[in-house]
Amino acid sequence: MTQHPIFSIIIPTYARPERLTNCLHAIAQLDYPGDRFEVIVVDDGSPTSMEAVVAPFRDQLHLTLIRQVNAGPAKARNVGAEQANGQFLVFTDDDCAPVRDWLKALESRFTTTPRCIIGGRTLNALPNNLYSTASQVLIDYLYKYYSVEGDRSSFFASNNIALPADQFRALGGFDTSFSLAAGEDREFCDRWLYHGYLMLYAPEVQVYHAHSLTLPKFWQQHFNYGRGAFCFHQSRARRNVEQIKVEPLSFYFNLLTYPLSQTSPLQGLLISVLFLLSQLANITGFLWERAQVTGTRPVVIPNRL
């Protein structure tokens, strides 16, 4: 590569070779000049090396594979960012597949608003999986709820965001005390806003998300989100930031009724039930994590069904 790329795409991965293959295949098909972006895959200590997965794409992409001792996706993203040469960092996950105009859409947004986080839209790649659909509808609701003042937002998931590399480094990257894939993106967005930076939602910046879930995995996912929520509040306390207030009852009422307007009546009802379950799992995870930190005995149900 003869010049610095505009974009550095950073992908943390752990023991999902098929998903990573699909992700890299989609990136190789991007409608964007190959000399204007690089791809950095950070293997978070997978039992088997990912070299065999990335090798077929080395002729198609400017690709770097980094391996670290297992430390979680927050650390993996930071390690990737340290090696990045691009003006903008673009984060996605190994189970995501960007659409062809992904980088073109990002470039268009950054041309007009270069000093911000751009958060894109995530599309469910598994519409026949009820739990994956519920997970995506929940994200859609949160994006709608936390979008204020037109395009301004206050939360983006880390599987489809882009931002200036210098601002990311100035903030110290993701908080590596979040060892799970839960809460570290929320904390980073909160810290970003605390420093007065801008966040813009760009629904035309799209990736397909293929997160296959079962009922136990759905519970575990939201249990972990609850754990991450506790870590998020701990992080804010360390920064002497006022704790976030509990959302009003209207938030939860609208949450439970939102699926009914987004899908068929039967599926909407089932997803509403799963939303209720997700909130129970979230509270359980929050209390469980608090008990581990404070040393009190957790009076909660187990973290899996």
# chains A, B, ... in the order shown; residues from 1 in each chain; ligands from 1
$ residues_around --residues "stretch 108-119 of chain A" --least-positions-apart "4" --cutoff "12 Å" --atoms "only C-alpha atoms" --output "PyMOL selection string"
chain A and resi 6-7+87-92+101-104+143+147+151-168+185+188-190+192-193+195-207
$ residues_around --residues "stretch 36-53 of chain A" --least-positions-apart "6" --cutoff "8 Å" --atoms "only C-alpha atoms" --output "MDAnalysis selection string"
chainID A and resid 4:15 17 20:21 61:73 76:77 79:80 84 86
$ closest_atom_pairs --of "stretch 23-121 of chain A" --to "stretch 170-184 of chain A" --cutoff "6 Å" --atoms "only C-alpha atoms" --output "Markdown table"
| residue | atom | partner | partner_atom | distance |
| --- | --- | --- | --- | --- |
| A:Gly72 | CA | A:Ser179 | CA | 4.7 |
| A:Ala74 | CA | A:Thr176 | CA | 5.4 |
| A:Lys75 | CA | A:Thr176 | CA | 5.3 |
| A:Asn78 | CA | A:Gly173 | CA | 5.9 |
$ select_by_dssp --residues "stretch 92-242 of chain A" --states "strand (DSSP E or B)" --output "VMD selection string"
chain A and resid 92 96 to 98 116 to 124 147 152 to 153 160 to 164 198 to 209
$ closest_residue --among "A:Ala28, A:Ala97, A:Ala81, A:Ala210" --to "A:Leu126" --atoms "only C-alpha atoms"
A:Ala210
$ select_by_dssp --residues "stretch 89-141 of chain A" --states "helix (DSSP H, G or I)" --output "PyMOL selection string"
chain A and resi 102-112+130-141
$ write_last_selection --atoms "N, CA, C and O atoms" --output "PDB file, in the first residue's frame"
ATOM      1  N   TRP A 102     -20.967  -0.044   1.806  1.00  0.00           N
ATOM      2  CA  TRP A 102     -20.709   0.278   3.218  1.00  0.00           C
ATOM      3  C   TRP A 102     -19.718   1.422   3.368  1.00  0.00           C
ATOM      4  O   TRP A 102     -20.002   2.443   4.006  1.00  0.00           O
ATOM      5  N   LEU A 103     -18.538   1.278   2.783  1.00  0.00           N
ATOM      6  CA  LEU A 103     -17.510   2.305   2.928  1.00  0.00           C
ATOM      7  C   LEU A 103     -17.835   3.561   2.135  1.00  0.00           C
ATOM      8  O   LEU A 103     -17.491   4.673   2.546  1.00  0.00           O
ATOM      9  N   LYS A 104     -18.495   3.413   0.995  1.00  0.00           N
ATOM     10  CA  LYS A 104     -18.917   4.592   0.236  1.00  0.00           C
ATOM     11  C   LYS A 104     -19.878   5.443   1.057  1.00  0.00           C
ATOM     12  O   LYS A 104     -19.787   6.678   1.072  1.00  0.00           O
ATOM     13  N   ALA A 105     -20.816   4.768   1.732  1.00  0.00           N
ATOM     14  CA  ALA A 105     -21.779   5.496   2.559  1.00  0.00           C
ATOM     15  C   ALA A 105     -21.074   6.182   3.723  1.00  0.00           C
ATOM     16  O   ALA A 105     -21.412   7.321   4.080  1.00  0.00           O
ATOM     17  N   LEU A 106     -20.096   5.513   4.315  1.00  0.00           N
ATOM     18  CA  LEU A 106     -19.335   6.128   5.400  1.00  0.00           C
ATOM     19  C   LEU A 106     -18.537   7.329   4.903  1.00  0.00           C
ATOM     20  O   LEU A 106     -18.499   8.382   5.554  1.00  0.00           O
ATOM     21  N   GLU A 107     -17.904   7.183   3.756  1.00  0.00           N
ATOM     22  CA  GLU A 107     -17.124   8.294   3.209  1.00  0.00           C
ATOM     23  C   GLU A 107     -18.004   9.511   2.962  1.00  0.00           C
ATOM     24  O   GLU A 107     -17.606  10.650   3.247  1.00  0.00           O
ATOM     25  N   SER A 108     -19.204   9.279   2.454  1.00  0.00           N
ATOM     26  CA  SER A 108     -20.123  10.387   2.203  1.00  0.00           C
ATOM     27  C   SER A 108     -20.479  11.112   3.491  1.00  0.00           C
ATOM     28  O   SER A 108     -20.514  12.347   3.531  1.00  0.00           O
ATOM     29  N   ARG A 109     -20.726  10.356   4.547  1.00  0.00           N
ATOM     30  CA  ARG A 109     -21.069  10.967   5.839  1.00  0.00           C
ATOM     31  C   ARG A 109     -19.882  11.739   6.422  1.00  0.00           C
ATOM     32  O   ARG A 109     -20.031  12.847   6.913  1.00  0.00           O
ATOM     33  N   PHE A 110     -18.709  11.149   6.366  1.00  0.00           N
ATOM     34  CA  PHE A 110     -17.538  11.807   6.939  1.00  0.00           C
ATOM     35  C   PHE A 110     -17.126  13.040   6.135  1.00  0.00           C
ATOM     36  O   PHE A 110     -16.479  13.940   6.678  1.00  0.00           O
ATOM     37  N   THR A 111     -17.480  13.086   4.872  1.00  0.00           N
ATOM     38  CA  THR A 111     -17.176  14.264   4.054  1.00  0.00           C
ATOM     39  C   THR A 111     -17.874  15.494   4.603  1.00  0.00           C
ATOM     40  O   THR A 111     -17.319  16.599   4.606  1.00  0.00           O
ATOM     41  N   THR A 112     -19.089  15.309   5.108  1.00  0.00           N
ATOM     42  CA  THR A 112     -19.854  16.441   5.632  1.00  0.00           C
ATOM     43  C   THR A 112     -19.684  16.625   7.134  1.00  0.00           C
ATOM     44  O   THR A 112     -19.781  17.741   7.646  1.00  0.00           O
ATOM     45  N   LEU A 130     -36.257 -16.984  15.590  1.00  0.00           N
ATOM     46  CA  LEU A 130     -37.070 -16.087  16.412  1.00  0.00           C
ATOM     47  C   LEU A 130     -36.212 -15.309  17.403  1.00  0.00           C
ATOM     48  O   LEU A 130     -36.428 -14.107  17.614  1.00  0.00           O
ATOM     49  N   TYR A 131     -35.230 -15.972  18.005  1.00  0.00           N
ATOM     50  CA  TYR A 131     -34.413 -15.326  19.038  1.00  0.00           C
ATOM     51  C   TYR A 131     -33.474 -14.285  18.429  1.00  0.00           C
ATOM     52  O   TYR A 131     -33.272 -13.211  19.004  1.00  0.00           O
ATOM     53  N   SER A 132     -32.918 -14.593  17.256  1.00  0.00           N
ATOM     54  CA  SER A 132     -32.085 -13.616  16.561  1.00  0.00           C
ATOM     55  C   SER A 132     -32.926 -12.434  16.109  1.00  0.00           C
ATOM     56  O   SER A 132     -32.476 -11.275  16.175  1.00  0.00           O
ATOM     57  N   THR A 133     -34.138 -12.701  15.663  1.00  0.00           N
ATOM     58  CA  THR A 133     -35.038 -11.621  15.253  1.00  0.00           C
ATOM     59  C   THR A 133     -35.389 -10.739  16.441  1.00  0.00           C
ATOM     60  O   THR A 133     -35.379  -9.499  16.344  1.00  0.00           O
ATOM     61  N   ALA A 134     -35.687 -11.364  17.577  1.00  0.00           N
ATOM     62  CA  ALA A 134     -36.005 -10.590  18.781  1.00  0.00           C
ATOM     63  C   ALA A 134     -34.833  -9.714  19.198  1.00  0.00           C
ATOM     64  O   ALA A 134     -35.008  -8.545  19.572  1.00  0.00           O
ATOM     65  N   SER A 135     -33.628 -10.268  19.112  1.00  0.00           N
ATOM     66  CA  SER A 135     -32.437  -9.506  19.485  1.00  0.00           C
ATOM     67  C   SER A 135     -32.274  -8.281  18.590  1.00  0.00           C
ATOM     68  O   SER A 135     -31.952  -7.185  19.067  1.00  0.00           O
ATOM     69  N   GLN A 136     -32.534  -8.458  17.292  1.00  0.00           N
ATOM     70  CA  GLN A 136     -32.397  -7.331  16.370  1.00  0.00           C
ATOM     71  C   GLN A 136     -33.498  -6.297  16.566  1.00  0.00           C
ATOM     72  O   GLN A 136     -33.247  -5.086  16.530  1.00  0.00           O
ATOM     73  N   VAL A 137     -34.731  -6.742  16.786  1.00  0.00           N
ATOM     74  CA  VAL A 137     -35.836  -5.807  17.011  1.00  0.00           C
ATOM     75  C   VAL A 137     -35.577  -4.991  18.276  1.00  0.00           C
ATOM     76  O   VAL A 137     -35.902  -3.793  18.337  1.00  0.00           O
ATOM     77  N   LEU A 138     -34.974  -5.615  19.267  1.00  0.00           N
ATOM     78  CA  LEU A 138     -34.629  -4.890  20.495  1.00  0.00           C
ATOM     79  C   LEU A 138     -33.609  -3.788  20.205  1.00  0.00           C
ATOM     80  O   LEU A 138     -33.748  -2.657  20.693  1.00  0.00           O
ATOM     81  N   ILE A 139     -32.592  -4.102  19.416  1.00  0.00           N
ATOM     82  CA  ILE A 139     -31.608  -3.088  19.035  1.00  0.00           C
ATOM     83  C   ILE A 139     -32.274  -1.962  18.257  1.00  0.00           C
ATOM     84  O   ILE A 139     -31.991  -0.770  18.470  1.00  0.00           O
ATOM     85  N   ASP A 140     -33.181  -2.315  17.357  1.00  0.00           N
ATOM     86  CA  ASP A 140     -33.902  -1.293  16.585  1.00  0.00           C
ATOM     87  C   ASP A 140     -34.658  -0.345  17.512  1.00  0.00           C
ATOM     88  O   ASP A 140     -34.668   0.880  17.301  1.00  0.00           O
ATOM     89  N   TYR A 141     -35.291  -0.919  18.521  1.00  0.00           N
ATOM     90  CA  TYR A 141     -36.037  -0.081  19.478  1.00  0.00           C
ATOM     91  C   TYR A 141     -35.095   0.852  20.242  1.00  0.00           C
ATOM     92  O   TYR A 141     -35.382   2.040  20.405  1.00  0.00           O
TER      93      TYR A 141
END
$ closest_residue --among "A:Arg191, A:Asp31, A:Ser272, A:Arg236" --to "A:Phe253" --atoms "only C-alpha atoms"
A:Ser272
$ closest_residue --among "A:Asn224, A:Cys23, A:Gly34, A:His233" --to "A:Val246" --atoms "only C-alpha atoms"
A:His233
$ atom_distance --atom1 "atom CA of A:Val241" --atom2 "atom CA of A:Phe223"
24.8 Å
$ residues_around --residues "A:His209" --least-positions-apart "3" --cutoff "7 Å" --atoms "only C-alpha atoms" --output "list in words"
Asp95, Cys96, Ala97, Thr122, Leu123, Asn124 and Ala125 of chain A
$ write_last_selection --atoms "N, CA and C atoms" --output "JSON list (two decimals), in the first residue's frame"
[["chain", "number", "residue", "atom", "x", "y", "z"],
["A", 95, "ASP", "N", -19.27, -11.91, 12.90],
["A", 95, "ASP", "CA", -20.54, -12.48, 12.43],
["A", 95, "ASP", "C", -21.36, -11.47, 11.64],
["A", 96, "CYS", "N", -20.70, -10.43, 11.15],
["A", 96, "CYS", "CA", -21.37, -9.41, 10.34],
["A", 96, "CYS", "C", -20.86, -9.42, 8.91],
["A", 97, "ALA", "N", -21.71, -9.03, 7.98],
["A", 97, "ALA", "CA", -21.35, -8.95, 6.57],
["A", 97, "ALA", "C", -21.81, -7.60, 6.02],
["A", 122, "THR", "N", -27.92, -2.16, 11.59],
["A", 122, "THR", "CA", -27.69, -3.60, 11.57],
["A", 122, "THR", "C", -28.95, -4.31, 11.13],
["A", 123, "LEU", "N", -28.81, -5.20, 10.16],
["A", 123, "LEU", "CA", -29.93, -5.97, 9.62],
["A", 123, "LEU", "C", -29.80, -7.43, 10.03],
["A", 124, "ASN", "N", -30.91, -8.03, 10.36],
["A", 124, "ASN", "CA", -30.91, -9.42, 10.80],
["A", 124, "ASN", "C", -30.72, -10.35, 9.59],
["A", 125, "ALA", "N", -29.64, -11.13, 9.61],
["A", 125, "ALA", "CA", -29.37, -12.07, 8.52],
["A", 125, "ALA", "C", -30.05, -13.42, 8.74]]
$ decode --residues "stretch 61-213 of chain A" --atoms "C-alpha atoms" --output "short mmCIF file (atom, residue, chain, number, x, y, z; two decimals), in the first residue's frame"
data_model
loop_
_atom_site.label_atom_id
_atom_site.label_comp_id
_atom_site.auth_asym_id
_atom_site.auth_seq_id
_atom_site.Cartn_x
_atom_site.Cartn_y
_atom_site.Cartn_z
CA LEU A 61 -7.36 -7.41 0.74
CA HIS A 62 -4.67 -5.44 2.51
CA LEU A 63 -5.07 -7.68 5.55
CA THR A 64 -3.25 -7.99 8.87
CA LEU A 65 -3.84 -10.79 11.37
CA ILE A 66 -2.92 -10.15 15.01
CA ARG A 67 -3.17 -12.77 17.74
CA GLN A 68 -3.52 -11.89 21.41
CA VAL A 69 -4.01 -13.85 24.62
CA ASN A 70 -7.74 -14.07 25.30
CA ALA A 71 -8.77 -10.78 26.91
CA GLY A 72 -12.13 -9.91 25.38
CA PRO A 73 -13.31 -7.85 22.39
CA ALA A 74 -12.63 -4.46 23.99
CA LYS A 75 -8.92 -5.27 24.26
CA ALA A 76 -8.92 -6.81 20.79
CA ARG A 77 -10.38 -3.66 19.24
CA ASN A 78 -7.82 -1.50 21.01
CA VAL A 79 -4.98 -3.72 19.80
CA GLY A 80 -6.29 -3.44 16.25
CA ALA A 81 -6.57 0.33 16.56
CA GLU A 82 -2.95 0.55 17.72
CA GLN A 83 -1.83 -1.04 14.45
CA ALA A 84 -4.24 0.87 12.21
CA ASN A 85 -2.97 3.30 9.58
CA GLY A 86 -6.31 4.70 8.48
CA GLN A 87 -7.70 8.16 9.11
CA PHE A 88 -10.93 6.54 10.29
CA LEU A 89 -11.43 3.36 12.29
CA VAL A 90 -14.34 1.14 11.30
CA PHE A 91 -15.42 -1.53 13.78
CA THR A 92 -17.49 -4.58 12.95
CA ASP A 93 -17.77 -8.16 14.25
CA ASP A 94 -16.86 -11.49 12.72
CA ASP A 95 -20.54 -12.48 12.43
CA CYS A 96 -21.37 -9.41 10.34
CA ALA A 97 -21.35 -8.95 6.57
CA PRO A 98 -21.26 -5.36 5.26
CA VAL A 99 -23.30 -4.43 2.20
CA ARG A 100 -21.36 -3.45 -0.93
CA ASP A 101 -21.64 0.34 -0.50
CA TRP A 102 -20.71 0.28 3.22
CA LEU A 103 -17.51 2.30 2.93
CA LYS A 104 -18.92 4.59 0.24
CA ALA A 105 -21.78 5.50 2.56
CA LEU A 106 -19.33 6.13 5.40
CA GLU A 107 -17.12 8.29 3.21
CA SER A 108 -20.12 10.39 2.20
CA ARG A 109 -21.07 10.97 5.84
CA PHE A 110 -17.54 11.81 6.94
CA THR A 111 -17.18 14.26 4.05
CA THR A 112 -19.85 16.44 5.63
CA THR A 113 -19.30 15.59 9.33
CA PRO A 114 -15.73 14.34 9.85
CA ARG A 115 -15.44 14.72 13.64
CA CYS A 116 -18.04 12.30 14.93
CA ILE A 117 -18.97 8.68 15.49
CA ILE A 118 -21.05 7.32 12.64
CA GLY A 119 -23.34 4.50 13.73
CA GLY A 120 -24.83 2.35 10.99
CA ARG A 121 -27.85 0.11 10.78
CA THR A 122 -27.69 -3.60 11.57
CA LEU A 123 -29.93 -5.97 9.62
CA ASN A 124 -30.91 -9.42 10.80
CA ALA A 125 -29.37 -12.07 8.52
CA LEU A 126 -31.36 -14.86 10.23
CA PRO A 127 -35.04 -13.86 9.89
CA ASN A 128 -36.22 -17.44 10.49
CA ASN A 129 -34.58 -17.53 13.91
CA LEU A 130 -37.07 -16.09 16.41
CA TYR A 131 -34.41 -15.33 19.04
CA SER A 132 -32.09 -13.62 16.56
CA THR A 133 -35.04 -11.62 15.25
CA ALA A 134 -36.01 -10.59 18.78
CA SER A 135 -32.44 -9.51 19.48
CA GLN A 136 -32.40 -7.33 16.37
CA VAL A 137 -35.84 -5.81 17.01
CA LEU A 138 -34.63 -4.89 20.50
CA ILE A 139 -31.61 -3.09 19.03
CA ASP A 140 -33.90 -1.29 16.59
CA TYR A 141 -36.04 -0.08 19.48
CA LEU A 142 -33.02 1.13 21.46
CA TYR A 143 -31.65 3.00 18.45
CA LYS A 144 -35.01 4.65 17.95
CA TYR A 145 -35.30 5.53 21.65
CA TYR A 146 -31.79 6.93 22.03
CA SER A 147 -31.88 8.97 18.82
CA VAL A 148 -32.69 12.56 19.72
CA GLU A 149 -32.52 15.93 17.98
CA GLY A 150 -32.81 14.54 14.47
CA ASP A 151 -29.73 12.51 13.63
CA ARG A 152 -28.05 12.91 17.02
CA SER A 153 -27.79 9.74 19.07
CA SER A 154 -26.37 8.54 22.37
CA PHE A 155 -25.74 4.82 21.83
CA PHE A 156 -24.36 2.62 19.05
CA ALA A 157 -23.46 -1.06 19.13
CA SER A 158 -19.82 -1.69 18.28
CA ASN A 159 -20.54 -4.04 15.36
CA ASN A 160 -21.14 -1.14 12.95
CA ILE A 161 -19.46 2.11 13.96
CA ALA A 162 -16.75 4.35 12.50
CA LEU A 163 -14.88 7.32 13.95
CA PRO A 164 -11.69 9.37 13.54
CA ALA A 165 -8.66 7.39 14.67
CA ASP A 166 -7.08 10.32 16.51
CA GLN A 167 -10.20 10.93 18.61
CA PHE A 168 -10.46 7.24 19.47
CA ARG A 169 -6.86 7.18 20.67
CA ALA A 170 -7.24 10.47 22.55
CA LEU A 171 -10.03 8.89 24.60
CA GLY A 172 -7.94 5.80 25.33
CA GLY A 173 -10.08 3.40 23.29
CA PHE A 174 -12.51 0.90 24.79
CA ASP A 175 -12.45 0.21 28.52
CA THR A 176 -10.67 -3.14 28.81
CA SER A 177 -12.16 -3.83 32.24
CA PHE A 178 -15.17 -5.04 30.21
CA SER A 179 -14.03 -8.59 29.49
CA LEU A 180 -17.36 -9.63 27.96
CA ALA A 181 -18.90 -8.48 24.71
CA ALA A 182 -21.41 -6.49 26.74
CA GLY A 183 -21.42 -2.87 27.81
CA GLU A 184 -18.06 -1.72 26.51
CA ASP A 185 -19.66 0.01 23.53
CA ARG A 186 -22.20 1.74 25.77
CA GLU A 187 -19.43 2.97 28.04
CA PHE A 188 -17.36 4.27 25.12
CA CYS A 189 -20.34 6.15 23.66
CA ASP A 190 -21.04 7.67 27.08
CA ARG A 191 -17.41 8.78 27.45
CA TRP A 192 -17.44 10.16 23.89
CA LEU A 193 -20.47 12.31 24.64
CA TYR A 194 -18.99 13.36 28.00
CA HIS A 195 -16.13 14.96 26.05
CA GLY A 196 -18.56 16.88 23.88
CA TYR A 197 -18.16 14.85 20.70
CA LEU A 198 -20.94 14.17 18.22
CA MET A 199 -22.72 10.91 17.35
CA LEU A 200 -24.72 10.54 14.14
CA TYR A 201 -26.94 7.67 13.05
CA ALA A 202 -26.58 6.72 9.38
CA PRO A 203 -29.15 4.05 8.46
CA GLU A 204 -27.69 3.73 4.95
CA VAL A 205 -24.44 2.34 6.47
CA GLN A 206 -25.53 -1.28 6.74
CA VAL A 207 -24.24 -4.67 7.81
CA TYR A 208 -26.05 -8.00 8.06
CA HIS A 209 -25.72 -9.64 11.46
CA ALA A 210 -25.83 -13.46 11.62
CA HIS A 211 -25.99 -14.14 15.35
CA SER A 212 -27.61 -17.55 15.68
CA LEU A 213 -29.42 -17.82 19.01
#
